[in-house]
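One structure is given here, and the rest of the page talks about it.
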Amino acid sequence: MSLAIHYDSSFDGFLTAVFEIYRQHLDVSCFVAERSYETEGDAATDLFAQPFHIETSEQSAERLKRAIEKMASLDVLKLLETCFRSETAGIEMNILAYLRKLFAGLDPNYGRNPTSLEMISLITIARSVRREMDAMLGMVRFNKAPDGMYIAEIEPKYDVLEMIVGHFRGRYPNGSWAIVDVKRGLGVYYENRRTHFVTVPDPSSIAAHAPPDQFTQMWKSYYDTMAIKERINPRLLRRCLPVRYWKHLPERSLGTVSTPQLPSSVAKENAFASLRLK
Amino acid sequence: MDIRDKLNILGDAAKYDVSCSSSGSKRQSPKGGMGCGYSSGICHTWSADGRCISLLKVLFSNACKYDCAYCVNRRSNDIPRATFTPKELINLTLEFYRRNYIEGLFLSSAVIGSPDYTMELLIKVAKELRLVHHFGGYIHLKAIPGASSRLLFEAGLYADRSSVNIEIPSDKQLQYLAPEKNYASIYRPMNFLAERKLEYKADKSKYSPKFLPAGQSTQMIVGASGETDLQILTLSAGFYKQQQMKRVYFSGYVPVNADKRLPVITTKPPLLREHRLYQADWLMRFYKFEYNEILDEKNPFLDPDLDPKVMWALRHPEFFPIDLQTADYEMILRVPGIGVKSAQLIVSGRRYSKIRLQHLKKMGVVLKRAKYFIYDSDVPPELRKLYPEMIRPLLVAKPKSDQLDLFDNMPLALPATISQPVSQPTMFQPALTSSS
């Protein structure tokens, strides 16, 4: 009877599960992460598998981490964690497949080979997680709350909140700010040089605390003036800035605020010039 | 005039400057302040034309005393003029930065009064940001042509990057279009800053002040005067070598002024040409190509149908196809369809296992292009030959076929006169062009 492994959705929880799979010789057909939110991975549960819950144990996870470091490297361990954050369907099974081959010991160089078929697919997944993390560094938009705290909402596809916190800590070391992952109900707030990770039970109410102000409006109108009309290219825009992010970007989601009256005389001159040509 | 109007006017006036990057600086957040550099740069958003917005790009003032033909801010244009006060601009930068809208400030200006006076104003803003507000974000300062060396030097102490725009890729054309400028006045500040940066680099002490940590950049307008792609690439290769430029930007000419010295105002910006030039620029910066490999006297223009890397490969069939198991990294980089990341993966992975097509596909290699230039070692040697004239038509993107209109008045029979296909003759075009 194959099992559906239930674990607490953390990376340590997953590693514990792998540890137990090896220790108890379990026959796994899929993993089920017990999350409070929905991901695309949830659809892939096996109806016929028997549920089997594994309690997270830090010790087991640590042991497995050490083993991965020894057999492969610290970089590989980090890469696996990055992949895990993608939360895509079947990512746990992909990582397990890699670990099985790694620990089988058939190829002594397996841990160092970046072009094994299992590794390449993990590398591509990690690449897209890192890409979103990088994009997120630019796409967090803070609003100022009346109490002086800067609050931002994000809705990334992958679970990158923890990965971006260090950047903002380095950037605003003396400020107080909070970033909330609306989709996952997770948040981080930074105050008095301390970072706290919290769960946010009702993320939709956060935005009301920090409404857009005049600087948001100014940013929006500045953004609108920056586009060169002759070069407008909606396809390129959507490729660089996918529509799924627009919701939390004031420059895309805010309605046009009093269209700026801009060099009308230039437009006039251009119009005259084209008339003259005709 | 309130600050919002000023921002709109001066932002609009600055938008034709294409420099957007915020990379190359690793500045830490200063004590008691905020802001840091991120060495690969961060794009914060993209405007409707698909260009990234990373810095608050504004002019300090657009009340220019010069009259350059190509510029929207020239003296003879009747446009609203505005000038920031340093305080307004600093406040705006800090507020935007706190909300993570921007990576820092890109400050340029029209020349007001004298070049020195203008430069002093720009420096004042940067200096106050750095010293009074302890701002560690990115600052890009324009070097105003004609400003004194003392001021340029001071700008370098506060800015991360500086730039002087060459705008027109030939001296004669520049003097024709911008009577107040010439190449000497543009090269002088470039060279001065490049030399100072070298001096500072030599002094490796941890405590030595930073001088333009992100180097210099420049930009030139493409398609305003009749220069060839070869001229443009030669010039930019020179900038990379001699002035140690970090970036050379190309800006497809957008007609903003009706002027008899310029292309007519209705011309479309040459976006494809600009794109091809950037591809060539990438080949020089990341793929170890020399400019004279990409273009030569016989072919002074880039092929609009094919990217420059494919073009080079088709012109050099003697190098291809190559064996990925044994070829040098430099050679793998030159295979069309293989990028830097895939090339690195191939080189680091091939000592452990054989690289096969299925690996390449998973890595993200564009096999559609790469397959003609690589071979499996199982292919017998006599079959390893590249025929450019056969491959070229396969690589050119096919034009989309349109749905025929049932009620179209056009007769379906062939028209009486077949117009000559207008395409640039290239070396490998088959002698008989089939009329498409």
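Chain labels A, B, ... are given in the sequence in which chains occur in the structure tokens; within each chain residues are numbered consecutively from 1, and ligands are likewise numbered from 1 in the order shown.
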
Which residues of chain A come within 8 Å of chain B, and what is each one's closest atom pair and distance in Å (one decimal), counting only C-alpha atoms, sorted by chain and residue number, as CSV?
residue,atom,partner,partner_atom,distance
A:Asn109,CA,B:Tyr352,CA,6.8
A:Tyr110,CA,B:Tyr352,CA,7.9
A:Asn113,CA,B:Gly349,CA,5.5
A:Pro114,CA,B:Gly349,CA,5.4
A:Thr115,CA,B:Gly349,CA,5.0
A:Ser116,CA,B:Ser353,CA,7.5
A:Leu117,CA,B:His359,CA,6.6
A:Ile120,CA,B:Met363,CA,6.2
A:Ser121,CA,B:Lys362,CA,6.5
A:Thr124,CA,B:Met363,CA,7.0
A:Asp134,CA,B:Ile42,CA,7.5
A:Ala135,CA,B:Cys43,CA,7.3
A:Leu137,CA,B:Ile42,CA,7.1
A:Gly138,CA,B:His44,CA,4.1
A:Met139,CA,B:His44,CA,5.7
A:Val140,CA,B:Asn100,CA,6.5
A:Arg141,CA,B:Asn100,CA,5.7
A:Phe142,CA,B:Arg99,CA,4.4
A:Asn143,CA,B:Arg99,CA,6.3
A:Lys144,CA,B:Arg99,CA,7.7
A:Tyr150,CA,B:Arg99,CA,7.3
A:Gly170,CA,B:Ser29,CA,6.5
A:Arg171,CA,B:Gly35,CA,4.6
A:Tyr172,CA,B:Met34,CA,5.1
A:Pro173,CA,B:Met34,CA,6.5
A:Asn174,CA,B:Gly32,CA,6.8
A:Phe215,CA,B:Phe96,CA,7.2
A:Met218,CA,B:Arg4,CA,6.2
A:Trp219,CA,B:Phe96,CA,7.6
A:Ser221,CA,B:Asn8,CA,7.0
A:Tyr222,CA,B:Asn8,CA,5.8
A:Tyr223,CA,B:Ser47,CA,6.6
A:Asp224,CA,B:Ser47,CA,7.2
A:Thr225,CA,B:Asp12,CA,5.4
A:Met226,CA,B:Lys15,CA,5.5
A:Ala227,CA,B:Ser47,CA,5.3
A:Ile228,CA,B:Asp49,CA,6.3
A:Lys229,CA,B:Asp49,CA,7.4
A:Glu230,CA,B:Val254,CA,7.2
A:Arg231,CA,B:Asp49,CA,5.3
A:Ile232,CA,B:Asp49,CA,3.9
A:Asn233,CA,B:Asp49,CA,4.7
A:Pro234,CA,B:Ala48,CA,6.3
A:Leu236,CA,B:Gly50,CA,5.1
A:Leu237,CA,B:Gly50,CA,4.3
A:Cys240,CA,B:Trp46,CA,7.0
A:Leu241,CA,B:Trp46,CA,6.5
A:Pro260,CA,B:Asn8,CA,6.9
A:Leu262,CA,B:Ile9,CA,6.7
A:Pro263,CA,B:Ile79,CA,5.5
A:Ser264,CA,B:Ile79,CA,7.5
A:Ser265,CA,B:Ile79,CA,5.9
A:Val266,CA,B:Ile79,CA,6.5
A:Glu269,CA,B:Ala258,CA,7.5
A:Asn270,CA,B:Ala258,CA,6.8
A:Ala273,CA,B:Ala258,CA,6.2
A:Ser274,CA,B:Thr266,CA,6.4

Could you give me the residues within region 37-109 of chain B that DSSP places in alpha helix (DSSP H), as a list in words?
Pro86, Lys87, Glu88, Leu89, Ile90, Asn91, Leu92, Thr93, Leu94, Glu95, Phe96, Tyr97 and Arg98 of chain B

Strand (DSSP E) per DSSP on the backbone: members of region 45-192 of chain B, as an NGL selection string
:B and (45-46 or 52-53 or 56-59 or 104-108 or 138-142 or 161-163)

Non-local contacts of region 57-70 of chain A (8 Å; only C-alpha atoms; under 4 positions in same chain excluded) as a ChimeraX atom specification
/A:12-13,15-16,19,74,76-77

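For Asn94 (chain A), the list of residues within 10 Å, based on only C-alpha atoms and with local chain neighbours fewer than 4 positions off taken out, reads Leu80, Cys83, Phe84, Ala89, Gly90, Tyr98, Leu99, Arg100, Glu118, Met119, Ser121 and Leu122 of chain A.
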
Output of the above residues as an mmCIF file, in the first residue's frame, restricted to N, CA, C and O atoms:
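What landed in out.cif:
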data_model
loop_
_atom_site.group_PDB
_atom_site.id
_atom_site.type_symbol
_atom_site.label_atom_id
_atom_site.label_comp_id
_atom_site.auth_asym_id
_atom_site.auth_seq_id
_atom_site.Cartn_x
_atom_site.Cartn_y
_atom_site.Cartn_z
ATOM 1 N N LEU A 80 18.166 22.927 -3.085
ATOM 2 C CA LEU A 80 16.978 22.119 -2.811
ATOM 3 C C LEU A 80 15.960 22.927 -2.022
ATOM 4 O O LEU A 80 14.761 22.865 -2.275
ATOM 5 N N CYS A 83 14.243 25.289 -4.364
ATOM 6 C CA CYS A 83 13.264 24.558 -5.166
ATOM 7 C C CYS A 83 12.012 24.289 -4.354
ATOM 8 O O CYS A 83 10.898 24.409 -4.839
ATOM 9 N N PHE A 84 12.230 23.913 -3.110
ATOM 10 C CA PHE A 84 11.113 23.565 -2.246
ATOM 11 C C PHE A 84 10.161 24.746 -2.094
ATOM 12 O O PHE A 84 8.951 24.592 -2.027
ATOM 13 N N ALA A 89 3.550 21.592 -7.996
ATOM 14 C CA ALA A 89 3.037 20.232 -7.852
ATOM 15 C C ALA A 89 4.170 19.227 -8.013
ATOM 16 O O ALA A 89 4.951 19.292 -8.954
ATOM 17 N N GLY A 90 4.267 18.323 -7.077
ATOM 18 C CA GLY A 90 5.227 17.230 -7.211
ATOM 19 C C GLY A 90 6.674 17.604 -6.971
ATOM 20 O O GLY A 90 7.571 16.821 -7.255
ATOM 21 N N TYR A 98 15.894 12.938 -6.609
ATOM 22 C CA TYR A 98 17.303 13.340 -6.630
ATOM 23 C C TYR A 98 18.038 12.741 -5.435
ATOM 24 O O TYR A 98 19.115 12.160 -5.583
ATOM 25 N N LEU A 99 17.434 12.838 -4.236
ATOM 26 C CA LEU A 99 18.105 12.339 -3.038
ATOM 27 C C LEU A 99 18.305 10.827 -3.106
ATOM 28 O O LEU A 99 19.328 10.301 -2.678
ATOM 29 N N ARG A 100 17.314 10.126 -3.679
ATOM 30 C CA ARG A 100 17.442 8.666 -3.793
ATOM 31 C C ARG A 100 18.684 8.326 -4.597
ATOM 32 O O ARG A 100 19.463 7.453 -4.218
ATOM 33 N N GLU A 118 17.907 14.735 -13.163
ATOM 34 C CA GLU A 118 17.141 15.194 -12.004
ATOM 35 C C GLU A 118 17.591 16.596 -11.604
ATOM 36 O O GLU A 118 16.789 17.445 -11.245
ATOM 37 N N MET A 119 18.918 16.811 -11.677
ATOM 38 C CA MET A 119 19.467 18.094 -11.228
ATOM 39 C C MET A 119 19.087 19.223 -12.162
ATOM 40 O O MET A 119 18.738 20.312 -11.699
ATOM 41 N N SER A 121 16.467 19.697 -13.913
ATOM 42 C CA SER A 121 15.112 20.212 -13.717
ATOM 43 C C SER A 121 15.023 20.970 -12.396
ATOM 44 O O SER A 121 14.319 21.972 -12.306
ATOM 45 N N LEU A 122 15.767 20.519 -11.387
ATOM 46 C CA LEU A 122 15.763 21.274 -10.132
ATOM 47 C C LEU A 122 16.419 22.641 -10.319
ATOM 48 O O LEU A 122 15.958 23.646 -9.769
#

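Distance-wise, CA of Glu162 (chain A) and CA of Val243 (chain A) end up 23.2 Å apart.
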
As JSON, numbers by chain, please: the residues near region 198-212 of chain A (cut-off 6 Å, only C-alpha atoms, same-chain neighbours under 4 positions excluded).
{"A": [143, 144, 145, 182, 185, 186, 187, 188, 216]}

Take the residues just selected and output them with all heavy atoms as a PDB file, in the first residue's frame.
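Listing of again.pdb after writing:
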ATOM      1  N   ASN A 143       3.337  51.533   1.781  1.00  0.00           N
ATOM      2  CA  ASN A 143       2.490  52.685   2.032  1.00  0.00           C
ATOM      3  C   ASN A 143       2.742  53.117   3.462  1.00  0.00           C
ATOM      4  O   ASN A 143       2.978  52.274   4.332  1.00  0.00           O
ATOM      5  CB  ASN A 143       1.019  52.324   1.885  1.00  0.00           C
ATOM      6  CG  ASN A 143       0.577  52.368   0.441  1.00  0.00           C
ATOM      7  OD1 ASN A 143       1.279  52.892  -0.427  1.00  0.00           O
ATOM      8  ND2 ASN A 143      -0.577  51.802   0.176  1.00  0.00           N
ATOM      9  N   LYS A 144       2.662  54.416   3.673  1.00  0.00           N
ATOM     10  CA  LYS A 144       2.952  54.886   5.022  1.00  0.00           C
ATOM     11  C   LYS A 144       1.688  54.865   5.866  1.00  0.00           C
ATOM     12  O   LYS A 144       0.662  55.421   5.473  1.00  0.00           O
ATOM     13  CB  LYS A 144       3.511  56.306   4.958  1.00  0.00           C
ATOM     14  CG  LYS A 144       4.109  56.746   6.268  1.00  0.00           C
ATOM     15  CD  LYS A 144       4.753  58.112   6.126  1.00  0.00           C
ATOM     16  CE  LYS A 144       5.397  58.511   7.442  1.00  0.00           C
ATOM     17  NZ  LYS A 144       6.007  59.823   7.357  1.00  0.00           N
ATOM     18  N   ALA A 145       1.758  54.186   7.002  1.00  0.00           N
ATOM     19  CA  ALA A 145       0.618  54.180   7.921  1.00  0.00           C
ATOM     20  C   ALA A 145       0.712  55.410   8.814  1.00  0.00           C
ATOM     21  O   ALA A 145       1.797  55.972   8.977  1.00  0.00           O
ATOM     22  CB  ALA A 145       0.649  52.913   8.769  1.00  0.00           C
ATOM     23  N   VAL A 182      -0.017  38.243   1.156  1.00  0.00           N
ATOM     24  CA  VAL A 182      -1.471  38.164   1.289  1.00  0.00           C
ATOM     25  C   VAL A 182      -1.971  36.755   0.999  1.00  0.00           C
ATOM     26  O   VAL A 182      -2.881  36.243   1.643  1.00  0.00           O
ATOM     27  CB  VAL A 182      -2.131  39.168   0.315  1.00  0.00           C
ATOM     28  CG1 VAL A 182      -3.618  39.149   0.486  1.00  0.00           C
ATOM     29  CG2 VAL A 182      -1.600  40.560   0.566  1.00  0.00           C
ATOM     30  N   GLY A 185      -0.868  34.420   3.973  1.00  0.00           N
ATOM     31  CA  GLY A 185      -1.177  34.833   5.333  1.00  0.00           C
ATOM     32  C   GLY A 185       0.051  34.886   6.224  1.00  0.00           C
ATOM     33  O   GLY A 185      -0.021  34.670   7.424  1.00  0.00           O
ATOM     34  N   LEU A 186       1.195  35.181   5.617  1.00  0.00           N
ATOM     35  CA  LEU A 186       2.427  35.291   6.390  1.00  0.00           C
ATOM     36  C   LEU A 186       2.882  36.732   6.359  1.00  0.00           C
ATOM     37  O   LEU A 186       2.627  37.454   5.404  1.00  0.00           O
ATOM     38  CB  LEU A 186       3.521  34.423   5.769  1.00  0.00           C
ATOM     39  CG  LEU A 186       3.286  32.918   5.748  1.00  0.00           C
ATOM     40  CD1 LEU A 186       4.347  32.255   4.907  1.00  0.00           C
ATOM     41  CD2 LEU A 186       3.296  32.385   7.166  1.00  0.00           C
ATOM     42  N   GLY A 187       3.562  37.125   7.395  1.00  0.00           N
ATOM     43  CA  GLY A 187       4.033  38.496   7.400  1.00  0.00           C
ATOM     44  C   GLY A 187       5.332  38.611   8.150  1.00  0.00           C
ATOM     45  O   GLY A 187       5.725  37.712   8.895  1.00  0.00           O
ATOM     46  N   VAL A 188       6.017  39.731   7.885  1.00  0.00           N
ATOM     47  CA  VAL A 188       7.220  39.991   8.643  1.00  0.00           C
ATOM     48  C   VAL A 188       7.153  41.456   9.043  1.00  0.00           C
ATOM     49  O   VAL A 188       6.723  42.295   8.252  1.00  0.00           O
ATOM     50  CB  VAL A 188       8.479  39.683   7.812  1.00  0.00           C
ATOM     51  CG1 VAL A 188       8.474  40.463   6.517  1.00  0.00           C
ATOM     52  CG2 VAL A 188       9.738  39.997   8.591  1.00  0.00           C
ATOM     53  N   THR A 216       2.071  58.457  -3.374  1.00  0.00           N
ATOM     54  CA  THR A 216       1.607  57.392  -4.252  1.00  0.00           C
ATOM     55  C   THR A 216       1.030  57.996  -5.524  1.00  0.00           C
ATOM     56  O   THR A 216       1.290  57.518  -6.635  1.00  0.00           O
ATOM     57  CB  THR A 216       0.518  56.558  -3.542  1.00  0.00           C
ATOM     58  OG1 THR A 216       0.844  56.450  -2.165  1.00  0.00           O
ATOM     59  CG2 THR A 216       0.400  55.193  -4.157  1.00  0.00           C
TER      60      THR A 216
END

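The space separating CA of Leu96 (chain A) from CA of Pro156 (chain A) comes to 25.1 Å.
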
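Atom pair CA of Met220 (chain B) / CA of Asn73 (chain B): separated by 16.9 Å.
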
I'd like the neighbourhood of region 201-218 of chain B as a PyMOL selection string, where a residue qualifies if any of its atoms comes within 9 Å (using only C-alpha atoms), though same-chain residues fewer than 5 positions away should be ignored.
chain B and resi 19+22-27+39+153+155-167+190+193-194+196+239+243-250

Selected residues written out with N, CA, C and O atoms, as a compact mmCIF listing (two decimals), in the first residue's frame:
# COMPACT_ATOMS: atom_id res chain seq x y z
N SER B 19 19.36 55.43 -20.27
CA SER B 19 20.09 54.76 -19.19
C SER B 19 19.15 54.44 -18.04
O SER B 19 18.44 55.31 -17.55
N SER B 22 20.79 50.30 -12.39
CA SER B 22 21.18 50.72 -11.05
C SER B 22 22.19 49.71 -10.54
O SER B 22 22.22 49.40 -9.36
N SER B 23 23.00 49.18 -11.43
CA SER B 23 23.89 48.08 -11.06
C SER B 23 25.31 48.59 -10.81
O SER B 23 25.65 49.72 -11.12
N GLY B 24 26.10 47.70 -10.24
CA GLY B 24 27.53 47.97 -10.15
C GLY B 24 27.98 48.59 -8.84
O GLY B 24 29.16 48.77 -8.62
N SER B 25 27.05 48.90 -7.96
CA SER B 25 27.45 49.53 -6.71
C SER B 25 27.05 48.65 -5.54
O SER B 25 25.93 48.15 -5.48
N LYS B 26 27.98 48.47 -4.59
CA LYS B 26 27.67 47.62 -3.44
C LYS B 26 27.64 48.42 -2.15
O LYS B 26 27.97 47.94 -1.08
N ARG B 27 27.29 49.68 -2.27
CA ARG B 27 27.27 50.57 -1.12
C ARG B 27 26.43 50.01 0.02
O ARG B 27 25.33 49.51 -0.20
N SER B 39 24.25 44.99 -6.26
CA SER B 39 25.23 45.05 -7.34
C SER B 39 24.68 44.64 -8.70
O SER B 39 25.19 45.08 -9.72
N PHE B 153 35.11 66.05 -10.56
CA PHE B 153 35.73 65.22 -9.54
C PHE B 153 34.82 65.13 -8.31
O PHE B 153 34.60 64.06 -7.76
N ALA B 155 31.65 65.50 -8.20
CA ALA B 155 30.47 64.69 -8.52
C ALA B 155 30.79 63.21 -8.35
O ALA B 155 29.97 62.44 -7.84
N GLY B 156 32.00 62.82 -8.75
CA GLY B 156 32.40 61.42 -8.66
C GLY B 156 32.47 60.91 -7.24
O GLY B 156 32.34 59.71 -7.00
N LEU B 157 32.65 61.82 -6.29
CA LEU B 157 32.75 61.39 -4.89
C LEU B 157 31.38 61.02 -4.31
O LEU B 157 31.28 60.23 -3.39
N TYR B 158 30.32 61.63 -4.86
CA TYR B 158 28.99 61.37 -4.29
C TYR B 158 28.17 60.43 -5.16
O TYR B 158 27.27 59.76 -4.67
N ALA B 159 28.45 60.40 -6.45
CA ALA B 159 27.62 59.61 -7.36
C ALA B 159 28.13 58.18 -7.44
O ALA B 159 29.28 57.90 -7.16
N ASP B 160 27.22 57.26 -7.82
CA ASP B 160 27.64 55.90 -8.09
C ASP B 160 28.07 55.77 -9.55
O ASP B 160 28.99 55.06 -9.88
N ARG B 161 27.34 56.45 -10.40
CA ARG B 161 27.67 56.38 -11.81
C ARG B 161 27.51 57.77 -12.39
O ARG B 161 26.71 58.57 -11.92
N SER B 162 28.32 58.02 -13.42
CA SER B 162 28.20 59.30 -14.09
C SER B 162 28.11 59.03 -15.58
O SER B 162 28.54 57.98 -16.06
N SER B 163 27.56 59.95 -16.31
CA SER B 163 27.50 59.72 -17.76
C SER B 163 27.53 61.03 -18.51
O SER B 163 27.09 62.07 -18.03
N VAL B 164 28.14 60.97 -19.68
CA VAL B 164 28.09 62.08 -20.63
C VAL B 164 27.55 61.45 -21.90
O VAL B 164 28.06 60.42 -22.34
N ASN B 165 26.52 62.01 -22.46
CA ASN B 165 25.95 61.40 -23.65
C ASN B 165 26.61 61.93 -24.90
O ASN B 165 26.74 63.13 -25.09
N ILE B 166 27.02 60.99 -25.76
CA ILE B 166 27.64 61.41 -27.00
C ILE B 166 26.58 61.74 -28.03
O ILE B 166 26.80 62.54 -28.93
N GLU B 167 25.42 61.15 -27.89
CA GLU B 167 24.22 61.39 -28.70
C GLU B 167 24.36 61.07 -30.19
O GLU B 167 23.65 60.24 -30.71
N MET B 190 34.67 62.56 -20.04
CA MET B 190 34.72 61.09 -19.99
C MET B 190 36.11 60.62 -19.59
O MET B 190 36.27 59.80 -18.68
N LEU B 193 37.10 61.49 -15.96
CA LEU B 193 36.50 60.62 -14.94
C LEU B 193 37.11 59.23 -14.98
O LEU B 193 37.35 58.62 -13.94
N ALA B 194 37.38 58.74 -16.20
CA ALA B 194 37.96 57.40 -16.32
C ALA B 194 39.33 57.35 -15.65
O ALA B 194 39.67 56.40 -14.95
N ARG B 196 40.48 59.37 -13.21
CA ARG B 196 40.37 59.49 -11.75
C ARG B 196 39.95 58.15 -11.15
O ARG B 196 40.42 57.73 -10.12
N PHE B 239 34.64 52.84 -26.51
CA PHE B 239 34.24 53.30 -25.18
C PHE B 239 34.49 52.23 -24.12
O PHE B 239 34.94 52.51 -23.02
N GLN B 243 37.56 54.15 -22.41
CA GLN B 243 36.99 54.90 -21.29
C GLN B 243 36.47 53.97 -20.21
O GLN B 243 35.88 54.44 -19.23
N GLN B 244 36.64 52.65 -20.39
CA GLN B 244 36.18 51.68 -19.39
C GLN B 244 34.71 51.86 -19.07
O GLN B 244 34.29 51.76 -17.91
N MET B 245 33.92 52.15 -20.10
CA MET B 245 32.48 52.34 -19.89
C MET B 245 31.87 51.05 -19.39
O MET B 245 32.27 49.97 -19.78
N LYS B 246 30.86 51.21 -18.53
CA LYS B 246 30.12 50.03 -18.09
C LYS B 246 29.02 49.71 -19.09
O LYS B 246 28.71 48.56 -19.33
N ARG B 247 28.41 50.73 -19.64
CA ARG B 247 27.34 50.51 -20.60
C ARG B 247 27.38 51.58 -21.68
O ARG B 247 27.71 52.73 -21.41
N VAL B 248 27.03 51.17 -22.90
CA VAL B 248 26.75 52.13 -23.95
C VAL B 248 25.32 51.87 -24.38
O VAL B 248 24.96 50.76 -24.74
N TYR B 249 24.47 52.88 -24.26
CA TYR B 249 23.06 52.70 -24.60
C TYR B 249 22.78 53.21 -26.00
O TYR B 249 23.44 54.14 -26.48
N PHE B 250 21.82 52.59 -26.64
CA PHE B 250 21.37 53.06 -27.95
C PHE B 250 19.94 53.52 -27.79
O PHE B 250 19.14 52.89 -27.12

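Counting only C-alpha atoms, the residue from A:Glu132, A:Glu34, A:Glu191, A:Asp107 that sits nearest to Leu161 (chain A) is A:Glu132.
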
Can you tell me, as a list of chain:residue names, what residues are no more than 10 Å from Ala370 (chain B) when counting only C-alpha atoms, ignoring any on the same chain fewer than 6 positions away?
B:Val310, B:Pro321, B:Val335, B:Pro336, B:Gly337, B:Ile338, B:Leu360
